[in-house]
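The next block is protein25.cif, given as mmCIF, C-alpha atoms and all ligand atoms.
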```
data_data
loop_
_atom_site.label_atom_id
_atom_site.label_comp_id
_atom_site.auth_asym_id
_atom_site.auth_seq_id
_atom_site.Cartn_x
_atom_site.Cartn_y
_atom_site.Cartn_z
CA MET D 1 0.00 0.00 0.00
CA ALA D 2 0.98 3.58 -0.54
CA ASN D 3 2.93 5.85 1.79
CA VAL D 4 0.85 8.91 2.62
CA LEU D 5 2.21 12.18 3.97
CA LEU D 6 -0.56 13.94 5.92
CA GLY D 7 0.11 17.69 6.12
CA VAL D 8 -1.76 19.33 9.01
CA THR D 9 -2.08 23.10 9.37
CA GLY D 10 -3.49 25.53 11.90
CA SER D 11 -7.20 25.11 11.33
CA VAL D 12 -9.47 24.12 14.16
CA ALA D 13 -10.24 21.01 12.05
CA ALA D 14 -6.78 19.77 13.05
CA ILE D 15 -8.53 18.50 16.19
CA TYR D 16 -9.49 15.51 13.99
CA THR D 17 -5.88 14.62 13.14
CA ARG D 18 -5.79 11.55 15.35
CA GLU D 19 -8.98 10.22 13.74
CA LEU D 20 -7.82 10.97 10.20
CA PHE D 21 -4.47 9.33 10.90
CA GLY D 22 -6.39 6.29 12.23
CA ASP D 23 -8.69 6.15 9.19
CA LEU D 24 -5.75 6.29 6.79
CA ASN D 25 -3.97 3.54 8.68
CA GLU D 26 -7.10 1.42 8.74
CA ALA D 27 -7.39 1.86 4.98
CA GLY D 28 -3.96 0.22 4.77
CA TYR D 29 -1.72 3.20 4.11
CA SER D 30 1.57 3.90 5.86
CA VAL D 31 1.14 7.40 7.22
CA LYS D 32 3.44 10.13 8.46
CA ILE D 33 2.18 13.50 9.65
CA VAL D 34 3.96 16.76 9.02
CA ALA D 35 2.45 19.48 11.19
CA THR D 36 2.91 23.23 11.26
CA ARG D 37 3.57 25.01 14.52
CA ALA D 38 -0.01 26.40 14.51
CA ALA D 39 -1.44 22.91 13.96
CA LEU D 40 0.06 21.84 17.28
CA TYR D 41 -2.34 24.22 19.03
CA PHE D 42 -5.14 21.86 17.96
CA PHE D 43 -3.76 18.37 18.47
CA ASP D 44 -1.27 16.67 20.72
CA PRO D 45 1.35 14.92 18.60
CA THR D 46 2.19 12.56 21.46
CA VAL D 47 -1.21 10.83 21.21
CA ILE D 48 -0.57 9.70 17.64
CA ALA D 49 0.28 6.03 18.02
CA PRO D 50 2.68 4.52 15.48
CA ARG D 51 1.17 1.44 13.80
CA SER D 52 4.34 -0.44 12.85
CA ALA D 53 6.49 -2.35 15.30
CA GLY D 54 9.70 -0.49 15.98
CA GLU D 55 8.32 2.91 14.97
CA ARG D 56 8.45 5.70 17.53
CA ASN D 57 5.96 8.55 17.80
CA ARG D 58 8.54 10.99 16.47
CA ASP D 59 8.99 8.78 13.38
CA VAL D 60 5.36 9.40 12.39
CA VAL D 61 4.78 12.99 13.52
CA ILE D 62 7.26 15.43 12.07
CA VAL D 63 7.38 19.01 13.31
CA ASP D 64 9.60 21.94 12.49
CA ASP D 65 12.05 21.07 15.25
CA ASP D 66 12.83 17.90 13.29
CA GLU D 67 13.76 20.02 10.28
CA TRP D 68 15.79 22.46 12.43
CA PRO D 69 17.06 20.29 15.29
CA GLY D 70 19.16 23.01 16.88
CA GLU D 71 22.51 21.46 16.05
CA ARG D 72 24.53 22.83 13.17
CA TYR D 73 23.94 21.05 9.86
CA ARG D 74 26.78 18.78 8.80
CA ARG D 75 27.34 17.79 5.21
CA GLY D 76 25.63 14.45 4.63
CA ASP D 77 22.91 14.99 7.26
CA ALA D 78 19.45 14.09 6.00
CA VAL D 79 17.24 16.94 4.79
CA CYS D 80 13.95 16.19 6.51
CA HIS D 81 11.49 17.64 3.96
CA VAL D 82 13.31 15.97 1.05
CA GLU D 83 13.36 12.63 2.88
CA LEU D 84 9.60 12.96 3.44
CA ARG D 85 8.98 13.75 -0.19
CA ARG D 86 11.06 10.75 -1.28
CA TRP D 87 9.15 8.49 1.10
CA ALA D 88 5.64 9.68 0.21
CA ASP D 89 3.57 8.34 -2.67
CA ALA D 90 0.84 10.91 -1.97
CA LEU D 91 0.34 14.13 -0.07
CA VAL D 92 -2.90 14.90 1.78
CA LEU D 93 -3.24 18.44 3.11
CA ALA D 94 -6.04 18.17 5.68
CA PRO D 95 -6.92 20.54 7.07
CA LEU D 96 -5.40 23.07 4.70
CA ASP D 97 -5.79 26.49 6.27
CA ALA D 98 -5.97 29.84 4.49
CA HIS D 99 -2.45 30.85 5.47
CA THR D 100 -0.70 27.72 4.21
CA LEU D 101 -2.86 27.75 1.06
CA ALA D 102 -1.62 31.28 0.38
CA LYS D 103 1.97 30.18 0.92
CA LEU D 104 1.56 27.24 -1.46
CA ALA D 105 0.13 29.54 -4.11
CA LEU D 106 3.03 31.96 -3.77
CA GLY D 107 5.70 29.27 -3.53
CA LEU D 108 6.71 30.30 -0.02
CA CYS D 109 8.37 27.57 1.99
CA ASP D 110 9.31 28.55 5.53
CA ASN D 111 8.47 25.36 7.40
CA CYS D 112 8.81 21.62 6.92
CA LEU D 113 5.34 21.18 5.42
CA THR D 114 5.65 23.96 2.83
CA CYS D 115 9.19 22.82 1.94
CA ALA D 116 7.90 19.26 1.39
CA TYR D 117 5.17 20.71 -0.86
CA ARG D 118 7.62 22.93 -2.75
CA ALA D 119 9.97 19.97 -3.27
CA TRP D 120 7.04 17.72 -4.22
CA ASP D 121 7.30 15.41 -7.25
CA ARG D 122 4.27 16.73 -9.12
CA SER D 123 3.66 13.41 -10.85
CA ARG D 124 2.46 12.15 -7.45
CA PRO D 125 -1.08 12.66 -6.10
CA VAL D 126 -2.07 15.59 -3.92
CA VAL D 127 -5.36 15.96 -2.03
CA LEU D 128 -6.33 19.43 -0.79
CA ALA D 129 -8.92 19.59 2.00
CA PRO D 130 -9.29 23.25 3.01
CA ALA D 131 -10.99 24.31 6.22
CA MET D 132 -11.61 27.85 7.32
CA ASN D 133 -14.19 30.37 8.45
CA THR D 134 -16.92 31.02 5.85
CA LEU D 135 -15.78 34.56 5.09
CA MET D 136 -12.21 33.33 4.67
CA TRP D 137 -13.47 30.64 2.31
CA THR D 138 -15.52 33.09 0.22
CA HIS D 139 -12.77 35.73 0.19
CA PRO D 140 -11.50 36.21 -3.39
CA ALA D 141 -7.95 35.36 -2.30
CA THR D 142 -9.03 31.77 -1.58
CA LEU D 143 -10.19 31.04 -5.13
CA ARG D 144 -7.18 32.89 -6.55
CA HIS D 145 -4.84 30.74 -4.48
CA LEU D 146 -6.66 27.49 -5.25
CA LEU D 147 -6.52 28.25 -8.99
CA GLN D 148 -2.79 28.93 -8.76
CA VAL D 149 -2.11 25.73 -6.82
CA ALA D 150 -4.25 23.73 -9.28
CA GLU D 151 -2.34 25.17 -12.21
CA ASP D 152 1.04 24.57 -10.59
CA LEU D 153 0.26 20.96 -9.72
CA THR D 154 -1.43 19.95 -12.98
CA GLY D 155 0.64 22.04 -15.36
CA ARG D 156 -2.61 23.23 -16.94
CA ARG D 157 -4.44 26.49 -16.52
CA PRO D 158 -7.96 25.90 -15.18
CA PRO D 159 -10.63 27.03 -17.66
CA ALA D 160 -12.49 30.30 -17.20
CA ASP D 161 -15.62 28.46 -16.06
CA ALA D 162 -13.72 27.04 -13.05
CA ALA D 163 -14.79 30.26 -11.39
CA THR D 164 -15.84 28.80 -8.05
CA PRO D 165 -14.02 26.34 -5.79
CA GLU D 166 -16.74 23.78 -6.52
CA ALA D 167 -16.29 24.17 -10.29
CA LEU D 168 -12.52 23.93 -9.86
CA ALA D 169 -12.98 20.74 -7.82
CA ARG D 170 -15.07 19.26 -10.66
CA TRP D 171 -12.46 20.22 -13.25
CA LEU D 172 -9.73 18.57 -11.17
CA GLN D 173 -11.84 15.45 -10.68
CA GLU D 174 -12.56 15.14 -14.37
CA GLY D 175 -8.99 14.61 -15.07
CA PRO D 176 -6.04 16.91 -15.55
CA GLY D 177 -3.44 15.35 -13.33
CA ARG D 178 -3.33 13.83 -9.92
CA VAL D 179 -4.96 16.48 -7.78
CA ARG D 180 -8.25 16.57 -5.89
CA LEU D 181 -9.85 19.48 -4.10
CA VAL D 182 -12.18 18.16 -1.41
CA ALA D 183 -14.19 21.29 -0.79
CA PRO D 184 -15.32 22.18 2.72
CA VAL D 185 -18.91 21.68 3.81
CA GLU D 186 -21.55 23.79 5.50
CA LYS D 187 -22.20 23.51 9.21
CA GLU D 188 -21.95 25.46 12.43
CA LEU D 189 -18.25 26.19 12.67
CA ALA D 190 -16.17 26.18 15.83
CA CYS D 191 -16.39 29.99 15.86
CA HIS D 192 -20.25 29.60 15.90
CA ASP D 193 -20.68 31.11 12.42
CA VAL D 194 -22.89 28.92 10.26
CA GLY D 195 -21.77 28.44 6.69
CA VAL D 196 -19.35 26.70 4.35
CA GLY D 197 -15.85 26.18 5.69
CA ALA D 198 -15.78 23.01 7.77
CA MET D 199 -13.33 20.40 6.56
CA ALA D 200 -15.05 17.79 4.41
CA PRO D 201 -16.01 14.54 6.16
CA ARG D 202 -13.05 12.19 6.52
CA PRO D 203 -14.57 9.51 4.21
CA ASN D 204 -14.65 12.09 1.39
CA ILE D 205 -10.94 12.77 1.88
CA LEU D 206 -10.14 9.05 1.89
CA ALA D 207 -12.30 8.51 -1.21
CA ALA D 208 -10.44 11.23 -3.11
CA LEU D 209 -7.10 9.75 -2.11
CA GLY D 210 -8.15 6.22 -3.03
CA ASP D 211 -9.43 7.43 -6.38
CA LEU D 212 -6.15 9.18 -7.19
CA LEU D 213 -3.98 6.30 -6.07
CA SER D 214 -5.98 3.72 -8.00
CA THR D 215 -5.60 5.83 -11.14
CA ALA D 216 -1.88 6.14 -10.40
CA GLY D 217 -1.65 2.37 -9.80
CA THR D 218 -0.06 2.78 -6.37
CA SER D 219 -3.00 2.05 -4.07
C1 LIG T 1 -8.69 29.02 17.53
C2 LIG T 1 -8.21 29.27 16.11
C3 LIG T 1 -8.83 28.63 15.08
C4 LIG T 1 -8.40 28.83 13.75
N1 LIG T 1 -9.03 28.17 12.74
C5 LIG T 1 -8.63 28.38 11.47
C6 LIG T 1 -9.27 27.69 10.41
O1 LIG T 1 -10.15 26.84 10.59
N2 LIG T 1 -8.85 27.94 9.15
C7 LIG T 1 -7.86 28.84 8.88
O2 LIG T 1 -7.58 29.05 7.70
N3 LIG T 1 -7.22 29.50 9.87
C8 LIG T 1 -7.57 29.28 11.16
N4 LIG T 1 -6.92 29.92 12.18
C9 LIG T 1 -5.81 30.83 11.86
C10 LIG T 1 -4.49 30.06 11.63
O3 LIG T 1 -4.20 29.22 12.74
C11 LIG T 1 -3.36 31.08 11.39
O4 LIG T 1 -3.57 31.72 10.16
C12 LIG T 1 -1.99 30.44 11.42
O5 LIG T 1 -1.01 31.44 11.20
C13 LIG T 1 -1.85 29.35 10.40
O6 LIG T 1 -0.50 28.88 10.36
P1 LIG T 1 -0.08 27.65 9.45
O7 LIG T 1 -0.73 27.84 8.11
O8 LIG T 1 1.41 27.73 9.39
O9 LIG T 1 -0.54 26.40 10.13
C14 LIG T 1 -7.31 29.70 13.49
C15 LIG T 1 -6.68 30.33 14.56
C16 LIG T 1 -7.10 30.12 15.86
C17 LIG T 1 -6.38 30.81 16.99
#
```

Please render this file's structure as structure tokens.
Amino acid sequence: MANVLLGVTGSVAAIYTRELFGDLNEAGYSVKIVATRAALYFFDPTVIAPRSAGERNRDVVIVDDDEWPGERYRRGDAVCHVELRRWADALVLAPLDAHTLAKLALGLCDNCLTCAYRAWDRSRPVVLAPAMNTLMWTHPATLRHLLQVAEDLTGRRPPADAATPEALARWLQEGPGRVRLVAPVEKELACHDVGVGAMAPRPNILAALGDLLSTAGTS
């Protein structure tokens, strides 16, 4: 089964990281998490239990201190984000918050997760599962950034009628490359606003990943 790198960012939906990690493992994938500093406000990395004998918690949850361990780099030392990219057959960004989405669109890479994305082999599948407040989601910057990321990953410019995130998600699903946008859903958000912005249900994220990997022949 495929190796899946689960990128977790600073959305309140990161509280579901343990469950999503469990679901991916139960589906048979080998999973490593790479979490931003903000993501660690929402989940405790020490509760993520490695599934393979001999694996330690810190082997499956990678944080920025693993990329910058505090000792001077010596020639020949592993480069954490490149090692992760080599290991991973697929990248799942769930939840993908507005800030990291903006960084991906601009090519900024100032932490382990965004470096892994920037160094990503774009022939490999990527699942994007954004989660944010409704007004963040409907802000024009969000669509602009999603369109840019879709173009970068597929190598094709989305058509003019991909003018909403939902239309962009359909265009991606219908075929140009190995990318899925699993759009957020409507519900009462953690901030008590009601509207679109909650991370899609975990089965939808797994279905998108399974679909991509079966097409790629690496499921
Ligand atoms: C309680 C709380 C909840 C948040 N929820 C979200 C969210 O759901 N989506 C989002 O885009 N940003 C959210 N943010 C803001 C991000 O955490 C913030 O932009 C942060 O800088 C993101 O950093 P990162 O992208 O490096 O993880 C939240 C912040 C706080 C304090």

Please determine, counting all atoms listed in the file, which residue among D:Gly22, D:Gly10, D:Gly155, D:Gly107 has the shortest atom-to-atom distance to ligand LIG 1 (chain T). D:Gly10

Around ligand LIG 1 (chain T), out to 9 Å and counting all atoms listed in the file, which residues are there? I want them as a ChimeraX atom specification. /D:8-14,35-42,95-103,110-111,113-114,130-133,136-137,189-191,197-199

As an exercise, work out the distance from CA of Asp65 (chain D) to CA of Tyr16 (chain D) in Å and give it to one decimal place. 22.3 Å

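Computed from the coordinates, the CA of Leu128 (chain D) to CA of Pro203 (chain D) distance equals 13.8 Å.
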
For region 169-181 of chain D: contacts at 8 Å, all atoms listed in the file, fewer than 5 positions along chain excluded, given as number ranges by chain: D: 123-129, 150, 153-154, 156, 158, 162, 208-209, 212, 216

How many Å separate CA of Ala105 (chain D) from CA of His145 (chain D)?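 Value for the CA of Ala105 (chain D)-CA of His145 (chain D) distance: 5.1 Å.
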
I'd like the contact shell of Leu20 (chain D) - 12 Å cut-off, all atoms listed in the file, skipping same-chain residues fewer than 3 positions apart - returned as a compact mmCIF listing (two decimals) with C-alpha atoms, in the frame of the given file.
```
# COMPACT_ATOMS: atom_id res chain seq x y z
CA VAL D 4 0.85 8.91 2.62
CA LEU D 5 2.21 12.18 3.97
CA LEU D 6 -0.56 13.94 5.92
CA GLY D 7 0.11 17.69 6.12
CA VAL D 8 -1.76 19.33 9.01
CA ALA D 13 -10.24 21.01 12.05
CA ALA D 14 -6.78 19.77 13.05
CA ILE D 15 -8.53 18.50 16.19
CA TYR D 16 -9.49 15.51 13.99
CA THR D 17 -5.88 14.62 13.14
CA ASP D 23 -8.69 6.15 9.19
CA LEU D 24 -5.75 6.29 6.79
CA ASN D 25 -3.97 3.54 8.68
CA GLU D 26 -7.10 1.42 8.74
CA ALA D 27 -7.39 1.86 4.98
CA TYR D 29 -1.72 3.20 4.11
CA VAL D 31 1.14 7.40 7.22
CA LYS D 32 3.44 10.13 8.46
CA ILE D 33 2.18 13.50 9.65
CA PHE D 43 -3.76 18.37 18.47
CA ILE D 48 -0.57 9.70 17.64
CA VAL D 92 -2.90 14.90 1.78
CA LEU D 93 -3.24 18.44 3.11
CA ALA D 94 -6.04 18.17 5.68
CA PRO D 95 -6.92 20.54 7.07
CA ALA D 129 -8.92 19.59 2.00
CA MET D 199 -13.33 20.40 6.56
CA ALA D 200 -15.05 17.79 4.41
CA PRO D 201 -16.01 14.54 6.16
CA ARG D 202 -13.05 12.19 6.52
CA PRO D 203 -14.57 9.51 4.21
CA ASN D 204 -14.65 12.09 1.39
CA ILE D 205 -10.94 12.77 1.88
CA LEU D 206 -10.14 9.05 1.89
```

Of the candidates D:Val60, D:Glu55, D:Asp193, D:Ala88, which one gets nearest to Phe21 (chain D) if we count only C-alpha atoms?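 Of the candidates, the smallest distance to Phe21 (chain D) is held by D:Val60.
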
So, with all atoms listed in the file as the atoms that count, which of D:Ala183, D:Ala141, D:Leu168, D:Val79 lies closest to Glu67 (chain D)?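 Comparing D:Ala183, D:Ala141, D:Leu168, D:Val79 against Glu67 (chain D), the winner is D:Val79.
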
Neighbour list for Lys187 (chain D) as an NGL selection string, cut-off 7 Å, all atoms listed in the file, skip fewer than 5 positions in-chain: :D and (194-196 or 198)

For C-alpha atoms, I'd like the residues from the last selection saved as a compact mmCIF listing (two decimals), in the frame of the given file.
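Generated output (out.txt):
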```
# COMPACT_ATOMS: atom_id res chain seq x y z
CA VAL D 194 -22.89 28.92 10.26
CA GLY D 195 -21.77 28.44 6.69
CA VAL D 196 -19.35 26.70 4.35
CA ALA D 198 -15.78 23.01 7.77
```

Of the candidates D:Leu104, D:Leu213, D:Ala90, D:Cys115, which shows the shortest atom-to-atom distance to Val149 (chain D), using all atoms listed in the file? D:Leu104

Can you work out which one of D:Asp64, D:Glu19, D:Glu151, D:Glu186 has the shortest atom-to-atom distance to Cys80 (chain D), counting only C-alpha atoms? D:Asp64

Could you pull the residues within 9 Å of Ala116 (chain D), counting only C-alpha atoms, minus those fewer than 5 positions along the same chain, as a list in words?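 Result of the neighbour search: Val34, Cys80, His81, Val82, Glu83, Leu84, Arg85, Cys109 and Asn111 of chain D.
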
Just C-alpha atoms for this one: save the residues we selected as a short mmCIF file (atom, residue, chain, number, x, y, z; two decimals), in the coordinates of the input.
```cif
data_model
loop_
_atom_site.label_atom_id
_atom_site.label_comp_id
_atom_site.auth_asym_id
_atom_site.auth_seq_id
_atom_site.Cartn_x
_atom_site.Cartn_y
_atom_site.Cartn_z
CA VAL D 34 3.96 16.76 9.02
CA CYS D 80 13.95 16.19 6.51
CA HIS D 81 11.49 17.64 3.96
CA VAL D 82 13.31 15.97 1.05
CA GLU D 83 13.36 12.63 2.88
CA LEU D 84 9.60 12.96 3.44
CA ARG D 85 8.98 13.75 -0.19
CA CYS D 109 8.37 27.57 1.99
CA ASN D 111 8.47 25.36 7.40
#
```
